[in-house]
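Asker: data-v6.txt is reproduced below (compact mmCIF, C-alpha atoms).
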# COMPACT_ATOMS: atom_id res chain seq x y z
CA MET K 1 89.95 119.32 74.30
CA SER K 2 89.92 118.78 78.02
CA SER K 3 88.41 121.28 80.34
CA ASN K 4 87.56 121.92 83.94
CA ARG K 5 83.94 122.52 82.96
CA GLU K 6 82.76 119.20 84.31
CA LEU K 7 83.98 119.67 87.88
CA THR K 8 84.27 122.70 90.09
CA MET K 9 87.26 123.41 92.35
CA SER K 10 85.23 122.31 95.38
CA SER K 11 84.68 118.94 93.69
CA TYR K 12 88.44 118.64 93.15
CA VAL K 13 89.04 119.43 96.82
CA GLY K 14 86.58 116.63 97.66
CA ILE K 15 88.55 114.26 95.43
CA GLY K 16 91.80 115.34 97.13
CA ILE K 17 90.29 114.67 100.58
CA GLY K 18 89.07 111.27 99.36
CA LEU K 19 92.57 110.38 98.15
CA MET K 20 94.02 111.43 101.51
CA VAL K 21 91.49 109.22 103.32
CA ILE K 22 92.68 106.25 101.21
CA VAL K 23 96.28 107.01 102.25
CA LEU K 24 95.23 107.05 105.92
CA ILE K 25 93.48 103.68 105.44
CA GLU K 26 96.76 102.34 104.02
CA VAL K 27 98.62 103.58 107.12
CA ILE K 28 96.04 102.02 109.46
CA LEU K 29 96.33 98.70 107.60
CA THR K 30 100.12 98.85 107.98
CA TYR K 31 99.78 98.81 111.77
CA GLN K 32 97.28 95.92 111.83
CA HIS K 33 100.24 93.48 111.63
CA LEU K 34 98.76 91.70 108.61
CA PRO K 35 100.78 89.00 106.81
CA THR K 36 103.15 90.60 104.27
CA ARG K 37 101.26 89.17 101.29
CA THR K 38 97.88 90.44 102.55
CA LEU K 39 99.30 93.88 103.33
CA LEU K 40 100.97 94.08 99.91
CA PHE K 41 97.74 93.11 98.14
CA SER K 42 95.73 95.62 100.23
CA VAL K 43 98.00 98.63 99.80
CA LEU K 44 98.56 97.92 96.10
CA SER K 45 94.81 97.62 95.48
CA LEU K 46 94.23 100.94 97.28
CA ALA K 47 97.12 102.56 95.37
CA CYS K 48 95.59 101.37 92.06
CA LEU K 49 92.25 102.87 93.12
CA GLU K 50 93.98 106.18 93.94
CA ALA K 51 95.83 106.11 90.62
CA PHE K 52 92.60 105.45 88.72
CA VAL K 53 90.85 108.41 90.38
CA ALA K 54 93.88 110.65 89.77
CA ILE K 55 94.15 109.67 86.10
CA MET K 56 90.45 110.02 85.37
CA TYR K 57 89.75 113.24 87.30
CA LEU K 58 92.97 115.14 88.11
CA MET K 59 94.54 114.31 84.73
CA HIS K 60 91.16 114.74 83.01
CA VAL K 61 91.20 111.51 81.01
CA LYS K 62 87.49 111.18 81.76
CA TYR K 63 86.89 114.35 79.74
CA GLU K 64 89.17 113.51 76.82
CA ARG K 65 88.16 111.48 73.80
CA PRO K 66 87.95 107.74 74.64
CA LEU K 67 90.60 107.16 71.95
CA LEU K 68 93.26 108.53 74.32
CA PHE K 69 92.33 106.00 77.00
CA TRP K 70 92.21 103.10 74.53
CA THR K 71 95.51 104.06 72.92
CA ILE K 72 97.53 104.54 76.09
CA PHE K 73 96.25 102.29 78.83
CA PRO K 74 96.07 98.84 77.21
CA ALA K 75 99.63 99.33 75.88
CA THR K 76 100.92 100.45 79.31
CA LEU K 77 99.19 97.57 81.08
CA PHE K 78 100.71 95.21 78.51
CA VAL K 79 104.19 96.44 79.48
CA PHE K 80 103.39 96.02 83.20
CA VAL K 81 102.12 92.48 82.61
CA PHE K 82 105.30 91.64 80.74
CA LEU K 83 107.36 93.00 83.64
CA CYS K 84 105.67 90.29 85.72
CA TYR K 85 107.65 87.71 83.76
CA ILE K 86 110.58 88.34 86.09
CA TRP K 87 108.55 87.18 89.09
CA PRO K 88 108.95 83.41 88.65
CA ASP K 89 112.71 84.03 88.72
CA ALA K 90 112.35 85.98 91.97
CA PHE K 91 110.66 82.98 93.57
CA ARG K 92 113.32 80.66 92.13
CA MET K 93 115.86 82.78 94.02
CA PHE K 94 113.66 82.45 97.13
CA SER K 95 113.95 78.67 97.03
CA MET K 96 117.66 78.73 96.13
CA ARG K 97 118.82 81.07 98.90
CA LEU K 98 120.75 79.77 101.88
CA LEU K 99 118.59 79.46 104.98
CA GLN K 100 120.19 79.48 108.38
CA MET J 1 89.60 119.01 47.84
CA SER J 2 87.40 121.58 49.54
CA GLN J 3 87.45 125.24 48.55
CA SER J 4 89.07 126.23 51.84
CA ALA J 5 91.80 123.59 51.42
CA ILE J 6 92.45 124.77 47.84
CA ALA J 7 92.68 128.33 49.14
CA ALA J 8 95.10 127.26 51.83
CA VAL J 9 97.33 125.43 49.31
CA THR J 10 97.20 128.44 46.99
CA HIS J 11 98.51 130.57 49.84
CA HIS J 12 101.28 128.03 50.59
CA GLU J 13 99.85 127.03 53.92
CA VAL J 14 100.09 123.53 55.32
CA VAL J 15 96.81 121.65 55.32
CA MET J 16 96.75 118.96 58.01
CA GLU J 17 94.10 116.57 59.15
CA ALA J 18 92.73 117.29 62.63
CA SER J 19 94.21 115.24 65.48
CA PRO J 20 92.02 112.20 66.25
CA TYR J 21 92.66 112.90 69.94
CA ALA J 22 91.37 116.48 69.61
CA MET J 23 94.04 117.82 71.94
CA ASP J 24 97.02 120.10 71.80
CA LYS J 25 100.16 118.43 70.44
CA LYS J 26 102.16 119.43 73.51
CA LYS J 27 99.68 117.64 75.70
CA LEU J 28 99.73 114.52 73.53
CA GLY J 29 103.53 114.57 73.67
CA MET J 30 103.35 114.81 77.46
CA TRP J 31 101.07 111.77 77.54
CA VAL J 32 103.61 109.78 75.53
CA PHE J 33 106.35 110.89 77.95
CA ILE J 34 104.17 109.95 80.95
CA VAL J 35 103.62 106.45 79.57
CA SER J 36 107.36 105.90 79.04
CA ASP J 37 108.17 107.34 82.47
CA ALA J 38 105.50 105.14 84.10
CA CYS J 39 107.25 102.13 82.55
CA SER J 40 110.58 103.31 84.04
CA PHE J 41 109.09 103.64 87.52
CA ALA J 42 107.32 100.29 87.15
CA ALA J 43 110.66 98.66 86.23
CA PHE J 44 112.29 100.15 89.33
CA LEU J 45 109.44 99.01 91.59
CA PHE J 46 109.40 95.52 90.06
CA ALA J 47 113.16 95.29 90.58
CA TYR J 48 112.67 96.32 94.21
CA GLY J 49 110.06 93.61 94.67
CA TYR J 50 112.35 91.10 92.99
CA MET J 51 115.21 91.95 95.37
CA ARG J 52 112.94 91.90 98.38
CA VAL J 53 111.59 88.42 97.60
CA GLY J 54 115.11 87.18 96.90
CA ALA J 55 116.63 88.52 100.14
CA PRO J 56 116.56 86.26 103.19
CA VAL J 57 116.19 89.17 105.66
CA TRP J 58 114.82 92.54 104.62
CA GLY J 59 115.26 95.72 106.64
CA THR J 60 112.26 97.57 108.06
CA PRO J 61 113.86 100.83 109.18
CA PHE J 62 110.81 103.08 109.29
CA GLY J 63 109.35 103.90 112.69
CA PHE J 64 106.10 105.80 113.21
CA SER J 65 107.83 109.20 112.92
CA SER J 66 109.02 108.33 109.38
CA ILE J 67 105.56 107.08 108.41
CA LEU J 68 104.04 110.28 109.80
CA ASN J 69 106.58 112.27 107.78
CA GLY J 70 105.50 110.27 104.71
CA VAL J 71 101.82 111.05 105.38
CA VAL J 72 102.64 114.77 105.64
CA MET J 73 104.63 114.52 102.38
CA THR J 74 101.63 112.84 100.71
CA ALA J 75 99.29 115.56 101.97
CA VAL J 76 101.66 118.26 100.68
CA LEU J 77 101.92 116.64 97.24
CA LEU J 78 98.16 116.08 96.98
CA SER J 79 97.57 119.72 97.95
CA SER J 80 100.04 120.80 95.28
CA SER J 81 98.00 118.84 92.70
CA LEU J 82 94.92 120.81 93.74
CA THR J 83 96.77 124.14 93.52
CA MET J 84 98.04 123.08 90.07
CA LEU J 85 94.43 122.44 89.01
CA ALA J 86 93.55 125.92 90.28
CA ALA J 87 96.44 127.37 88.22
CA THR J 88 95.26 125.52 85.11
CA HIS J 89 91.67 126.68 85.65
CA ALA J 90 92.79 130.29 86.18
CA SER J 91 94.94 130.23 83.02
CA GLN J 92 92.03 128.84 80.98
CA THR J 93 89.76 131.64 82.16
CA GLY J 94 92.45 134.23 81.40
CA GLU J 95 93.15 135.21 85.02
CA LYS J 96 96.89 135.70 84.66
CA ALA J 97 97.57 137.00 88.17
CA SER J 98 95.60 134.20 89.78
CA ALA J 99 97.32 131.56 87.62
CA GLY J 100 100.72 132.97 88.60
CA LYS J 101 99.75 132.91 92.28
CA TRP J 102 98.61 129.27 92.15
CA LEU J 103 101.71 128.23 90.20
CA GLY J 104 103.82 129.90 92.90
CA ILE J 105 101.98 128.01 95.66
CA THR J 106 102.44 124.75 93.73
CA MET J 107 106.19 125.39 93.48
CA LEU J 108 106.33 126.18 97.19
CA LEU J 109 104.53 122.93 98.07
CA GLY J 110 106.85 121.01 95.74
CA THR J 111 109.85 122.55 97.50
CA ILE J 112 108.41 121.64 100.93
CA PHE J 113 107.91 118.06 99.69
CA ALA J 114 111.53 117.89 98.50
CA ALA J 115 112.76 119.30 101.85
CA LEU J 116 110.77 116.71 103.83
CA HIS J 117 112.08 114.01 101.52
CA LEU J 118 115.68 115.09 102.04
CA ARG J 119 115.12 115.23 105.80
CA GLU J 120 114.12 111.54 105.69
CA TRP J 121 117.17 110.74 103.56
CA PHE J 122 119.56 112.51 105.95
CA LYS J 123 117.97 110.75 108.90
CA LEU J 124 118.59 107.35 107.27
CA ILE J 125 122.13 108.32 106.27
CA ALA J 126 122.83 109.44 109.86
CA GLU J 127 121.63 106.02 111.04
CA GLY J 128 124.24 104.43 108.76
CA TRP J 129 122.08 103.38 105.78
CA ARG J 130 123.98 103.51 102.51
CA LEU J 131 123.37 102.37 98.94
CA PHE J 132 125.07 99.03 99.65
CA TYR J 133 125.18 98.87 103.44
CA ASN J 134 122.51 97.94 105.93
CA PRO J 135 123.41 98.90 109.54
CA ALA J 136 120.63 96.67 110.91
CA GLY J 137 122.33 93.60 109.48
CA GLY J 138 119.65 92.59 106.93
CA ALA J 139 119.77 92.70 103.15
CA ALA J 140 122.20 95.34 101.88
CA GLN J 141 119.95 95.98 98.86
CA PHE J 142 117.41 97.95 100.90
CA GLY J 143 119.49 101.13 100.63
CA ALA J 144 119.96 100.68 96.88
CA ALA J 145 116.23 100.11 96.36
CA PHE J 146 115.07 102.93 98.63
CA PHE J 147 117.51 105.62 97.53
CA SER J 148 117.16 104.82 93.81
CA VAL J 149 113.34 104.74 93.72
CA THR J 150 112.80 107.74 95.99
CA GLY J 151 115.76 109.53 94.36
CA LEU J 152 114.19 109.10 90.94
CA HIS J 153 110.92 110.47 92.27
CA LEU J 154 112.68 113.35 94.02
CA THR J 155 114.43 114.21 90.74
CA HIS J 156 111.02 114.39 89.08
CA VAL J 157 109.70 116.71 91.81
CA VAL J 158 112.72 119.05 91.60
CA THR J 159 112.53 119.03 87.79
CA GLY J 160 108.81 119.80 88.04
CA VAL J 161 109.44 122.80 90.30
CA ILE J 162 112.06 124.16 87.87
CA VAL J 163 109.76 123.60 84.86
CA LEU J 164 106.87 125.31 86.67
CA ALA J 165 109.13 128.28 87.41
CA PHE J 166 109.95 128.60 83.68
CA ILE J 167 106.31 128.18 82.69
CA ALA J 168 105.14 130.75 85.28
CA ARG J 169 107.72 133.27 84.07
CA GLY J 170 106.92 132.68 80.39
CA TYR J 171 103.18 132.81 81.04
CA ARG J 172 103.51 136.11 82.89
CA GLN J 173 105.58 137.55 80.04
CA GLY J 174 103.11 136.31 77.44
CA ARG J 175 105.52 133.85 75.77
CA TYR J 176 103.48 130.86 76.95
CA ASP J 177 99.73 130.32 76.96
CA GLU J 178 97.26 128.22 78.92
CA THR J 179 98.16 125.04 77.01
CA HIS J 180 101.68 125.23 78.44
CA VAL J 181 100.26 125.54 81.97
CA GLU J 182 97.91 122.62 81.35
CA THR J 183 100.71 120.43 79.95
CA ALA J 184 102.98 121.22 82.93
CA GLY J 185 100.03 120.39 85.19
CA LEU J 186 99.69 116.99 83.55
CA TYR J 187 103.33 116.25 84.44
CA TRP J 188 102.81 117.46 88.00
CA HIS J 189 99.78 115.19 88.51
CA PHE J 190 101.85 112.29 87.19
CA VAL J 191 104.52 112.97 89.83
CA ASP J 192 101.74 112.87 92.44
CA LEU J 193 100.39 109.63 90.95
CA VAL J 194 103.78 107.91 91.15
CA TRP J 195 104.06 108.84 94.83
CA MET J 196 100.78 106.97 95.44
CA PHE J 197 102.74 103.79 94.66
CA VAL J 198 106.14 104.78 96.07
CA PHE J 199 104.78 105.67 99.52
CA PRO J 200 103.00 102.36 100.29
CA LEU J 201 105.66 100.17 98.65
CA MET J 202 108.80 101.89 99.95
CA TYR J 203 107.58 103.25 103.30
CA LEU J 204 104.55 101.32 104.52
CA MET J 205 105.90 97.91 103.46
CA ASN J 206 109.13 98.71 105.36
CA ALA J 207 107.56 99.98 108.60
CA HIS J 208 108.34 98.30 111.89
Using structure tokens, write down the structure from this file.
Answerer:
Amino acid sequence: MSSNRELTMSSYVGIGIGLMVIVLIEVILTYQHLPTRTLLFSVLSLACLEAFVAIMYLMHVKYERPLLFWTIFPATLFVFVFLCYIWPDAFRMFSMRLLQ
Amino acid sequence: MSQSAIAAVTHHEVVMEASPYAMDKKKLGMWVFIVSDACSFAAFLFAYGYMRVGAPVWGTPFGFSSILNGVVMTAVLLSSSLTMLAATHASQTGEKASAGKWLGITMLLGTIFAALHLREWFKLIAEGWRLFYNPAGGAAQFGAAFFSVTGLHLTHVVTGVIVLAFIARGYRQGRYDETHVETAGLYWHFVDLVWMFVFPLMYLMNAH
């Protein structure tokens, strides 16, 4: 069973501040006028890092049995990877669209 | 069969194997829901990306004031996750009054988030943005993508506030226990987690 034994409330506040700092980094990157692809890669990487911290610590997966992690996350990632199959079609549309 | 199991069968009780996850069944059910809901949000965000790549000109309607509003919304939602953790902790240590107080603060923060979100929506609507109309002259799909993704998230936040209100009431009356608070907290953290993707993809990627 999960518990809050492992971390105190002050540790959770520290995690919350850390997550907020990541959000501020994302905002700063937005105003650096980076190419769209670089910005997308940067903010998505930071969002994945935030999500990982939130899942492991705020949602306590770190303190659950490893079976929960290994049951849920590979299957979810598998679905996300399969969603990527639509992407080649998106780029086909990109090359088919009318350019003025 | 062990003596205790035989005794249980004799007394017509159900003998079940312990859960391999060693967690409450409500919580396991919530995890299954979270996985399915994550797939729904992922489908919406992938569809948004698909439309954005396919559109010749994409709108970037968000000025610095909207981004600042988004940062405040993020701070409010993150704070509500911390207050939810405090409520869970208080319920696990049997501090009913404290748990009720933290649940109330979480609901308040959730309501503030929803109000800020609606303020942004009304601002866009006042500027002429609609589901299928772009006043700036770019791709009309921006409105459809923005309002559907953020609307889905807003629905989750409002639902979460209502669920927390029921849980807080039931917990105070003794109908619900700490596992109910913990399970509701899991949902609330998930809503926060989704926003970590919605904010950069829907706001920051559309800032001018």
Asker: Need to verify the contact set: stretch 77-84 of chain K, 9 Å, only C-alpha atoms, exclusion of same-chain residues closer than 4 positions in sequence. Can you return it as an mmCIF file with C-alpha atoms, in the coordinates of the input?
Answerer:
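Generated output (out-v2.cif):
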data_model
loop_
_atom_site.group_PDB
_atom_site.id
_atom_site.type_symbol
_atom_site.label_atom_id
_atom_site.label_comp_id
_atom_site.auth_asym_id
_atom_site.auth_seq_id
_atom_site.Cartn_x
_atom_site.Cartn_y
_atom_site.Cartn_z
ATOM 1 C CA ILE K 72 97.530 104.540 76.090
ATOM 2 C CA PHE K 73 96.250 102.290 78.830
ATOM 3 C CA PRO K 88 108.950 83.410 88.650
ATOM 4 C CA CYS J 39 107.250 102.130 82.550
ATOM 5 C CA ALA J 42 107.320 100.290 87.150
ATOM 6 C CA ALA J 43 110.660 98.660 86.230
ATOM 7 C CA PHE J 46 109.400 95.520 90.060
#
Asker: Which residue out of J:Asn206, J:Ser81, J:Thr60, J:Ser36 has the minimum interatomic distance to K:Ile15 when all atoms listed in the file are used?
Answerer: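 Of J:Asn206, J:Ser81, J:Thr60, J:Ser36, the one nearest K:Ile15, counting all atoms listed in the file, is J:Ser81.
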Asker: If I take atom CA of J:His189 and atom CA of K:Ser45, how far is one from the other in Å, to one decimal?
Answerer: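 According to the coordinates, atom CA of J:His189 and atom CA of K:Ser45 are separated by 19.5 Å.
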Asker: Nearest residue to K:Ile28 out of K:Glu64, K:Val43, K:Gly14, K:Ala54, using only C-alpha atoms?
Answerer: K:Val43
Asker: Chain J near chain K within 6 Å: what's each residue's closest atom pair and its distance in Å to one decimal, counting all atoms listed in the file, ordered by chain then ascending residue number, as CSV?
Answerer:
residue,atom,partner,partner_atom,distance
J:Ala22,CA,K:Met1,CA,5.7
J:Met23,CA,K:Met1,CA,5.0
J:Tyr50,CA,K:Ala90,CA,5.2
J:Gly54,CA,K:Phe94,CA,5.0
J:Leu186,CA,K:Met59,CA,5.9
J:Leu193,CA,K:Ala51,CA,5.8
J:Met196,CA,K:Ala47,CA,5.7
J:Phe197,CA,K:Ala47,CA,5.8
Asker: In Å, rounded to a single decimal, give me how far atom CA of J:His153 is from atom CA of J:Trp58.
Answerer: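 Straight-line distance from atom CA of J:Trp58 to atom CA of J:His153 works out to 22.1 Å.
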Asker: Any idea what's packed within 10 Å of stretch 156-172 of chain J, counting all atoms listed in the file, ignoring anything in its chain fewer than 3 positions away? Could you give it as a short mmCIF file (atom, residue, chain, number, x, y, z; two decimals) with C-alpha atoms, in the coordinates of the input?
Answerer:
data_model
loop_
_atom_site.label_atom_id
_atom_site.label_comp_id
_atom_site.auth_asym_id
_atom_site.auth_seq_id
_atom_site.Cartn_x
_atom_site.Cartn_y
_atom_site.Cartn_z
CA LEU J 77 101.92 116.64 97.24
CA MET J 84 98.04 123.08 90.07
CA ALA J 87 96.44 127.37 88.22
CA SER J 91 94.94 130.23 83.02
CA LYS J 96 96.89 135.70 84.66
CA ALA J 97 97.57 137.00 88.17
CA ALA J 99 97.32 131.56 87.62
CA GLY J 100 100.72 132.97 88.60
CA LYS J 101 99.75 132.91 92.28
CA TRP J 102 98.61 129.27 92.15
CA LEU J 103 101.71 128.23 90.20
CA GLY J 104 103.82 129.90 92.90
CA THR J 106 102.44 124.75 93.73
CA MET J 107 106.19 125.39 93.48
CA LEU J 108 106.33 126.18 97.19
CA LEU J 109 104.53 122.93 98.07
CA GLY J 110 106.85 121.01 95.74
CA THR J 111 109.85 122.55 97.50
CA PHE J 113 107.91 118.06 99.69
CA ALA J 114 111.53 117.89 98.50
CA THR J 150 112.80 107.74 95.99
CA GLY J 151 115.76 109.53 94.36
CA LEU J 152 114.19 109.10 90.94
CA HIS J 153 110.92 110.47 92.27
CA ARG J 175 105.52 133.85 75.77
CA TYR J 176 103.48 130.86 76.95
CA ASP J 177 99.73 130.32 76.96
CA GLU J 178 97.26 128.22 78.92
CA HIS J 180 101.68 125.23 78.44
CA VAL J 181 100.26 125.54 81.97
CA THR J 183 100.71 120.43 79.95
CA ALA J 184 102.98 121.22 82.93
CA GLY J 185 100.03 120.39 85.19
CA TYR J 187 103.33 116.25 84.44
CA TRP J 188 102.81 117.46 88.00
CA PHE J 190 101.85 112.29 87.19
CA VAL J 191 104.52 112.97 89.83
CA ASP J 192 101.74 112.87 92.44
CA VAL J 194 103.78 107.91 91.15
#
Asker: So which residues touch J:Gly63 within 12 Å, counting only C-alpha atoms, skipping near sequence neighbours fewer than 2 positions away, as a ChimeraX atom specification?
Answerer: /K:30-31 /J:59-61,65-70,120,123-124,203-208
Asker: Please report the interatomic distance between atom CA of J:Met51 and atom CA of J:Gln141 in Å with one decimal.
Answerer: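 Atom-to-atom, atom CA of J:Met51 to atom CA of J:Gln141, that is 7.1 Å.
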Asker: Using only C-alpha atoms, pick whichever of J:Pro56, J:Gly128, J:Pro20, J:Gly49 has the shortest atom-to-atom distance to J:Leu201.
Answerer: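 Closest candidate: J:Gly49.
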